[in-house]
Every structure is written in C-alpha cells, then in structure tokens.
Amino acid sequence: MSRSTRWAVIVVAIVVIIAVALSLRKPQEEIAEVPQEVKLKAAMVTDVGGLGDESFNDAAYKGLKEAEEKLGFEITVVESKKMDDYEPNLRSLGDQGTDISWAVGFLLTDALDTVAPEYPDLKFGLIDSVVEQPNVASATFKEEEGSFLLGVIAAKMTKTGTVGFVGGMEVPVIEHFDAGFHAGVLSANPDVKVLRGYTGKFDDPAKGKEVALAQFNQGADIIFHASGACGLGVIEAAKEQGEGFWAMGVDSCQHHLAPDNVMSCMMKRVDVAVFEVTKRVQDGTFEPKHYIFGLAEDGVGTCGRTSEHVPEEVLEEVEKYREMIVNGEIVVPASFAELETFTPPSV
Amino acid sequence: METGNLADVTIYIALVVSTLRMATPLILAGLGGVFSERSGVVNIALEGIMLISAFMGMLISYYTEAPWLGVLSAVASGVLVALILAVACVRYKSNQVVVGTAINIFSLGFTGFMLRKVFEHAGQSPPVTKVADWTIPLIHKIPVIGPMIGKHTPFVYIAIVAAVISNHVLFETKLGLRIRAVGEHPKAAETVGVDVFAIRYLCVLLSGALAGLAGASLSLGFLSQFRENMTGGRGFIALAAMIFGKWTPYGTLGACILFGFADALQILSQTLGLTFIPRDFLLMAPYILTMAALAGVIGRSVPPAASGVPYERQK
C-alpha cells in the first residue's frame, strides 16, 4: 500500500510541476500583447500529415500566418494525430468561438459536415473537398491542370522513355494528380510509358521509397509523387539512385530536400485559398460557396525553381500548354474515366 | 495498361530485394517481442520504442555525423524505454498492456515535441547522415543471387544474423532454457534457483535493444531523416508476426519475410500494371494475413503460459 501511495505522490508531484511551469509561461506573453480591439480568430485543423509535411498542411499554415501578419487575425493551429481527432479538434475550435476554422484536407470532410451545423454562427473553410452547409466555404484546386504541366516536363525530359507516378491513398484528389499527369505525358509524347503506384498511406516515407525504388527499377527516371509525407521517401529514393534520377514534388516547393534530384514541383497554393477566404471573413464578403483554384487563378502551377534543371525550350512548351489550358482549349481530365476519353491536343 | 514482362529476371530480383527491405524492421522488432514474451512479459510497446529510437538515432547522427553512433544511441534509448516497462511490469506488477500502450502514446507525443524543440520544425527532421550500404565481397558478383542479397543496408544482415543468434540462445543455451522456464512456469523456475526478476529484466531490456535497432533501421537505414509516426504500425505488425511465428525466432523471421513479401508483391504488381488483382486487396493482404494469424488459422498458436502474468516472488 505504502509503495503505491509513494508512486501516486510522485506522479501527482510531476503533474503539478508541469502544470505550474506551463502556467508561469503563458500569461506574460498574453499580457504583453493585449489587443486594443477584439481580434478576429482564425484557426486550422491539420489532417494526420500534420505540420511539417512540406505539403498542403504547411501551405495552409502559411496562408493563416499571412492572415495574422497582414490582417491582424489571432491564429491557432490544431494538429490531428489520428483520424478520430478530427471531430473533437474542430469542436474545440467551435467552442472557443473561432470566427473561421479551416479543415485542411479531404480526410476532414465528414468531420466538418458533422461539426459545422453545431456552430451555425461561426464560419468554416474546407480544403480539397466540398461540404454544402450554410456556414462552410469549400476550396478545391484543379490539381490536374498543374499536374498536366509536370507531365509535359517529364515526357520531354525523360531519357529512358518511362516515368512514374506515386500516389498516397486512392481518393478523388489524388486521382486528379494522377490523371492530369498522365494526360500531360500523353500530350507531350505519347510513346512515354507511365508507371503507377499507390502507397495506401500519406505518412509512411519508407513505403513511399519502396514504391519509388520499384518504379526506378522498372526503368522510370522521373517520378512525380502526390503522397504527402510518403513523398519524402520518393525524393530519398531519387537522391540515393543519384544522377539522372528525378523526383517531382507536390503542393509546395520541395527542391531543398534534394536540390540535384528534384526536377520540378506542382505548386498547390493552399496558402492563397486560405488567405483569400479568411480575408473575406474580415471584409464581410464571406460566402458559403465552392471556390475553385486552377491555373487561371494561379491556384496551381510549377514551382519557381523548375528552371534550374529544365531547359528554356521545354519551359516555353510548358507555357504554351499553360495558355491553352487557361483559354479552355485543353480540358484536362480529372479522373481515370475522363482520361480514357482524352485526346491529346495538337500543338 | 501495358504490363511488364513476367519472364524478366530483374522483376524477381526486385521482389526479393524489396521483401528483405520491408521485412527488416519487422524482424528486429519481432525478435524483441519473442524474448520479452518468452520470459513472460507482453511487450506491446515495441512500436513506441521503435519510434523513440528512430528519433534518438537521427538526433545523434545529426549532431555527430556518425551514423553508427546514432545506431548505438538508438539501441541505448530503446533499452532505456524498455527499462520503464520492466520496472513497471516486473518490479511493480502493473498491467503490461496498459503500460505498453502508455509508452506508445507517450513516444508519439515525445518525439513530436522534441522535433519542435530541437529543430523548431514540425513533422520531420532535416536529412542526416545515414548508415552506408554494405556490399558483400564476392557474393555481390554472382549473377541473380548477387543483386538479391549482395548489397543492402547493414540492418538487413543484422536482422538475419540476430534471428540466428536468438534461436541459438533461446533453444541451445542454459540461459535460453531459463528464459523459457520463467515464461512458462516462473514458480517452478524460482524453486530451482532461477532469478525470475533478473531474467525478465534482461529479456525486456534485450527486446528494447532490438526494437531500438528496428527504429534505427528506419531513420538511419532506409531513410535519412525522422518523420513523425514513421514507424506506421510496424511494431504491431511485428507482434503479429511473432504470434504467426509461434513465439520462435525462426518462425518470426519467416512470418516477417512473408509479411514483407506481401508488401513487396503489392508494390511491384502495381508498378507492373498487373491490375487483375484489385489494388485494395493487395494493400490489405499483409493485414489479412495478420488477422488470420491471430485467429489461429495457421494452427494452434500457444503463447508462453506465464506471458502477461506478473510474478509475485515466493517468500
């Protein structure tokens, strides 16, 4: 008995020390910057990929940060460790009276659809999926349009005549990337073979690497990934294979992870979407509608460091395709079904 | 879709290579599970130990640029975390599953927190120096076999050697006999003078060391950075493999290779565009095998009799 009592005392003591330590830190910061007016609150809930995914969670955070700096929002980030964190995390933001809460990622769709009606006076935003509720703005991207351009680059740059695509889970968003990339390859050079593999996850780099190695082994020399953190493994695989093997990053610019082996990245400007819609909450122009960001809106595109490895003439060609997509001359397929009936345009 | 040429030998080489790579962390962690459970302690904390070790290995390699020092510290931190389990479960007779689960949850939070503290960056660490691949002299020149087993990250060889040594220790030495006795009937073992507590401490710490190696194989062997939750459930799959392998080192080795094979097959068939087996089914295959194993489909799987039961010293 005395032994377990001693343990209990130790545990309680540790908890108390931690609690005291935490409570001592917080107030000073808060007192230091008491705002004159009541600040609007903006927040985001990440998907399981979490911050530091070098991908859309980070991009959303960038947009939120911008809203803090330029618009004076008070921002909060809640990270989800597992799938069943989504609803409680969104509710906790609702309970704090957050003016706009962003659900970042397709995986949060159902959770937001459940939680949003519980807080009818607050506003919510959703990335990569659509929820039709009177207080939810949905932002989706035409990933297929940006991926198409990467497909063009890959088809022009491959030396082996084979390129690869590594996806995460087989969800509609990832299908956009897959179909768009494939269509881009077909358009630029129909003789180039496209290998395809899915990791079934978004957070397992070792698996991403294995899928990429299998594709390199089967003759691919350029692999485009849309697989969240699994993509770190794809880039690692290209780095390990060495010169002449390339990865193409996704969502944000991933060049810095392997400057000599990342050819280009499909930028998905989640930050733009988050900032623009958050701004509308401040302006009072927020509408619970579906915002679509494509090439025309600069919501997707190739990253700025593409020119480090891709020659001018290829970039000019890419620009031609970009204009054709913006003009509507090319309608990029966003699903495998549309890819089936896609006829490559003549340039 | 075009399919690859199945007569091409490189496909089979790729399959073997990929299987070995996918199986390695499972083998190391699974062997850890064998030692722990054979001595009577359920080690559900393998997953958490792997994760903390993967982090510590990365951290030390980051600061020293000496990856083997990283591996060493991964093993050391594995032992340290296992010590918590040992003290709580052997000395204080806590519920082993509860303590193990607590360690798993703790390690997920701890590594995420440390990542932010040390690198001021969430999600993943910067790239670090990883352990260089080993090329086995002569063997790597043999056609077909060479490319299959001739060049790998050292962890692949360590895992297989560890299985052989584990089997020898467990079934051909006095220590192994004592471990098995303690796991089956600790009272009888103590009656003949075996120190039950000492054996259990030793085995739990050993399982921590092996899980530590498994963690290092991920962050310093296959990849060269740490990513939050990068173990991705491998600790649990390793436990399932241990059950599949009937609590023996060779059985576990075989089960892990089978699981790795299912994974490798799944990846390769996608790459080759073999779509006649649905991709979803292939993604499920390793987990279906696991459940089949747990349900006893592969014949009677009898755990060590005293596994999971805290031992009260006889007066």
# chains A, B, ... in the order shown; residues from 1 in each chain; ligands from 1

call {"tool": "closest_atom_pairs", "arguments": {"of": "chain A", "to": "chain B", "cutoff": "8 Å", "atoms": "only C-alpha atoms", "output": "tab-separated table"}}
result
residue	atom	partner	partner_atom	distance
A:Gly49	CA	B:Gly123	CA	7.8
A:Gly50	CA	B:Gly123	CA	6.3
A:Leu51	CA	B:Ala122	CA	5.4
A:Gly52	CA	B:Gly123	CA	4.0
A:Asp53	CA	B:Gly123	CA	5.8
A:Leu195	CA	B:Thr271	CA	5.7
A:Arg196	CA	B:Thr271	CA	5.6
A:Gly197	CA	B:Gln270	CA	5.3
A:Tyr198	CA	B:Gln270	CA	7.6
A:Thr199	CA	B:Ile267	CA	7.8
A:Gly200	CA	B:Leu283	CA	6.8
A:Asp203	CA	B:Met230	CA	6.9
A:Asp204	CA	B:Met230	CA	5.6
A:Pro205	CA	B:Met230	CA	6.9
A:Ala206	CA	B:Phe222	CA	6.6
A:Glu210	CA	B:Ser18	CA	7.0
A:Val211	CA	B:Ile267	CA	5.8
A:Ala214	CA	B:Leu268	CA	6.2
A:Gln215	CA	B:Thr271	CA	6.0
A:Asn217	CA	B:Ala14	CA	7.2
A:Gln218	CA	B:Thr271	CA	7.7
A:Gly233	CA	B:Leu223	CA	6.9
A:Glu236	CA	B:Leu223	CA	6.8
A:Leu257	CA	B:Pro127	CA	7.8

call {"tool": "select_by_dssp", "arguments": {"residues": "segment 135-302 of chain A", "states": "strand (DSSP E or B)", "output": "ChimeraX atom specification"}}
result
/A:136-141,162-167,193-198,222-226,246-251,262-268,290-293,300-302

call {"tool": "atom_distance", "arguments": {"atom1": "atom CA of Ile139 of chain B", "atom2": "atom CA of Leu72 of chain B"}}
result
27.8 Å

call {"tool": "atom_distance", "arguments": {"atom1": "atom CA of Thr343 of chain A", "atom2": "atom CA of Phe177 of chain A"}}
result
17.6 Å

call {"tool": "residues_around", "arguments": {"residues": "Arg322 of chain A", "least_positions_apart": "5", "cutoff": "10 Å", "atoms": "only C-alpha atoms", "output": "PyMOL selection string"}}
result
chain A and resi 145-146+148-149+295-296+301+316-317+327-330

call {"tool": "write_last_selection", "arguments": {"atoms": "N, CA and C atoms", "output": "CSV table (one decimal), in the first residue's frame"}}
result
chain,number,residue,atom,x,y,z
A,145,GLU,N,-4.6,20.3,-63.6
A,145,GLU,CA,-4.0,21.3,-64.5
A,145,GLU,C,-2.5,21.5,-64.3
A,146,GLY,N,-2.2,21.6,-63.0
A,146,GLY,CA,-0.8,21.8,-62.6
A,146,GLY,C,0.0,20.5,-62.9
A,148,PHE,N,-0.7,18.3,-65.1
A,148,PHE,CA,-0.6,18.2,-66.6
A,148,PHE,C,0.8,18.8,-67.0
A,149,LEU,N,1.1,20.0,-66.5
A,149,LEU,CA,2.3,20.7,-66.9
A,149,LEU,C,3.5,19.8,-66.5
A,295,LEU,N,-5.2,26.9,-62.9
A,295,LEU,CA,-4.1,27.6,-63.5
A,295,LEU,C,-4.5,29.1,-63.7
A,296,ALA,N,-5.7,29.3,-64.1
A,296,ALA,CA,-6.2,30.7,-64.4
A,296,ALA,C,-6.2,31.5,-63.2
A,301,GLY,N,0.3,25.4,-60.3
A,301,GLY,CA,1.4,25.7,-61.3
A,301,GLY,C,2.7,25.0,-60.9
A,316,GLU,N,9.3,26.8,-72.5
A,316,GLU,CA,8.4,27.5,-73.5
A,316,GLU,C,7.2,26.7,-73.9
A,317,GLU,N,7.5,25.4,-74.1
A,317,GLU,CA,6.5,24.5,-74.5
A,317,GLU,C,5.4,24.4,-73.4
A,327,ASN,N,-7.0,29.2,-71.6
A,327,ASN,CA,-8.0,29.6,-72.7
A,327,ASN,C,-9.2,28.6,-72.8
A,328,GLY,N,-9.0,27.4,-72.2
A,328,GLY,CA,-10.0,26.4,-72.4
A,328,GLY,C,-9.9,25.5,-73.6
A,329,GLU,N,-8.7,25.7,-74.3
A,329,GLU,CA,-8.5,24.9,-75.5
A,329,GLU,C,-8.3,23.4,-75.1
A,330,ILE,N,-7.6,23.2,-73.9
A,330,ILE,CA,-7.4,21.9,-73.4
A,330,ILE,C,-8.3,21.8,-72.2

call {"tool": "closest_residue", "arguments": {"among": "A:Ala212, A:Ile100, A:Ile17, A:Val171", "to": "Leu64 of chain A", "atoms": "only C-alpha atoms"}}
result
A:Ile100

call {"tool": "residues_around", "arguments": {"residues": "Gln241 of chain A", "least_positions_apart": "3", "cutoff": "12 Å", "atoms": "only C-alpha atoms", "output": "list in words"}}
result
Lys209, Ala212, Leu213, Ala214, Gln215, Phe216, Asn217, Ala220, Asp221, Ile222, Val234, Ile235, Glu236, Ala237, Ala238, Gly244, Phe245, Trp246, Ala247, Ala258, Asp260 and Asn261 of chain A

call {"tool": "write_last_selection", "arguments": {"atoms": "C-alpha atoms", "output": "compact mmCIF listing (two decimals), in the first residue's frame"}}
result
# COMPACT_ATOMS: atom_id res chain seq x y z
CA LYS A 209 10.62 4.99 -51.00
CA ALA A 212 9.64 4.68 -55.97
CA LEU A 213 12.52 2.19 -56.00
CA ALA A 214 10.26 -0.35 -57.68
CA GLN A 215 9.49 2.18 -60.41
CA PHE A 216 13.12 3.23 -60.87
CA ASN A 217 13.92 -0.45 -61.09
CA ALA A 220 11.48 5.06 -64.80
CA ASP A 221 13.85 8.01 -64.43
CA ILE A 222 11.38 10.69 -63.34
CA VAL A 234 10.25 9.14 -53.08
CA ILE A 235 12.71 12.04 -53.02
CA GLU A 236 15.11 9.99 -50.87
CA ALA A 237 14.94 7.21 -53.46
CA ALA A 238 15.86 9.60 -56.29
CA GLY A 244 19.90 11.16 -63.78
CA PHE A 245 17.12 10.08 -61.42
CA TRP A 246 14.48 12.60 -60.56
CA ALA A 247 11.58 13.19 -58.25
CA ALA A 258 17.37 17.14 -52.73
CA ASP A 260 20.11 17.81 -57.52
CA ASN A 261 17.31 15.30 -57.82

call {"tool": "closest_residue", "arguments": {"among": "A:Cys303, A:Leu71, A:Gly180, A:Lys239", "to": "Phe342 of chain A", "atoms": "only C-alpha atoms"}}
result
A:Gly180

call {"tool": "select_by_dssp", "arguments": {"residues": "segment 235-271 of chain A", "states": "alpha helix (DSSP H)", "output": "VMD selection string"}}
result
chain A and resid 235 to 241 270 to 271

call {"tool": "write_last_selection", "arguments": {"atoms": "N, CA and C atoms", "output": "PDB file, in the first residue's frame"}}
result
ATOM      1  N   ILE A 235      11.587  11.142 -52.761  1.00  0.00           N
ATOM      2  CA  ILE A 235      12.712  12.035 -53.023  1.00  0.00           C
ATOM      3  C   ILE A 235      14.013  11.390 -52.554  1.00  0.00           C
ATOM      4  N   GLU A 236      13.946  10.724 -51.390  1.00  0.00           N
ATOM      5  CA  GLU A 236      15.107   9.994 -50.872  1.00  0.00           C
ATOM      6  C   GLU A 236      15.568   8.932 -51.878  1.00  0.00           C
ATOM      7  N   ALA A 237      14.603   8.257 -52.484  1.00  0.00           N
ATOM      8  CA  ALA A 237      14.944   7.213 -53.458  1.00  0.00           C
ATOM      9  C   ALA A 237      15.681   7.809 -54.654  1.00  0.00           C
ATOM     10  N   ALA A 238      15.196   8.957 -55.145  1.00  0.00           N
ATOM     11  CA  ALA A 238      15.860   9.601 -56.287  1.00  0.00           C
ATOM     12  C   ALA A 238      17.278  10.013 -55.907  1.00  0.00           C
ATOM     13  N   LYS A 239      17.409  10.550 -54.687  1.00  0.00           N
ATOM     14  CA  LYS A 239      18.711  11.002 -54.205  1.00  0.00           C
ATOM     15  C   LYS A 239      19.671   9.823 -54.127  1.00  0.00           C
ATOM     16  N   GLU A 240      19.174   8.714 -53.634  1.00  0.00           N
ATOM     17  CA  GLU A 240      20.008   7.534 -53.461  1.00  0.00           C
ATOM     18  C   GLU A 240      20.431   6.935 -54.806  1.00  0.00           C
ATOM     19  N   GLN A 241      19.522   6.964 -55.787  1.00  0.00           N
ATOM     20  CA  GLN A 241      19.853   6.444 -57.112  1.00  0.00           C
ATOM     21  C   GLN A 241      20.883   7.332 -57.790  1.00  0.00           C
ATOM     22  N   VAL A 270      -2.508  26.386 -51.538  1.00  0.00           N
ATOM     23  CA  VAL A 270      -3.474  26.321 -50.443  1.00  0.00           C
ATOM     24  C   VAL A 270      -3.391  27.607 -49.620  1.00  0.00           C
ATOM     25  N   ASP A 271      -2.171  28.158 -49.544  1.00  0.00           N
ATOM     26  CA  ASP A 271      -1.997  29.407 -48.788  1.00  0.00           C
ATOM     27  C   ASP A 271      -2.832  30.535 -49.384  1.00  0.00           C
TER      28      ASP A 271
END

call {"tool": "closest_residue", "arguments": {"among": "B:Lys174, B:Lys187, B:Lys141, B:Lys130", "to": "Thr64 of chain B", "atoms": "only C-alpha atoms"}}
result
B:Lys130

call {"tool": "closest_residue", "arguments": {"among": "B:Ser207, B:Asn95, B:Ser307, B:Gln314", "to": "Ile27 of chain B", "atoms": "only C-alpha atoms"}}
result
B:Ser207

call {"tool": "closest_residue", "arguments": {"among": "A:Phe165, A:Tyr61, A:Phe275, A:Tyr119", "to": "Gln133 of chain A", "atoms": "only C-alpha atoms"}}
result
A:Tyr119

call {"tool": "residues_around", "arguments": {"residues": "Lys279 of chain A", "least_positions_apart": "3", "cutoff": "12 Å", "atoms": "only C-alpha atoms", "output": "list of chain:residue names"}}
result
A:Leu40, A:Lys41, A:Ala42, A:Gly63, A:Leu64, A:Glu66, A:Ala67, A:Glu68, A:Glu69, A:Lys70, A:Leu71, A:Gly72, A:Phe73, A:Asp99, A:Ile100, A:Gly125, A:Asp271, A:Val272, A:Ala273, A:Val274, A:Phe275, A:Glu276, A:Gln282, A:Asp283, A:Gly284, A:Thr285, A:Phe286, A:Glu287
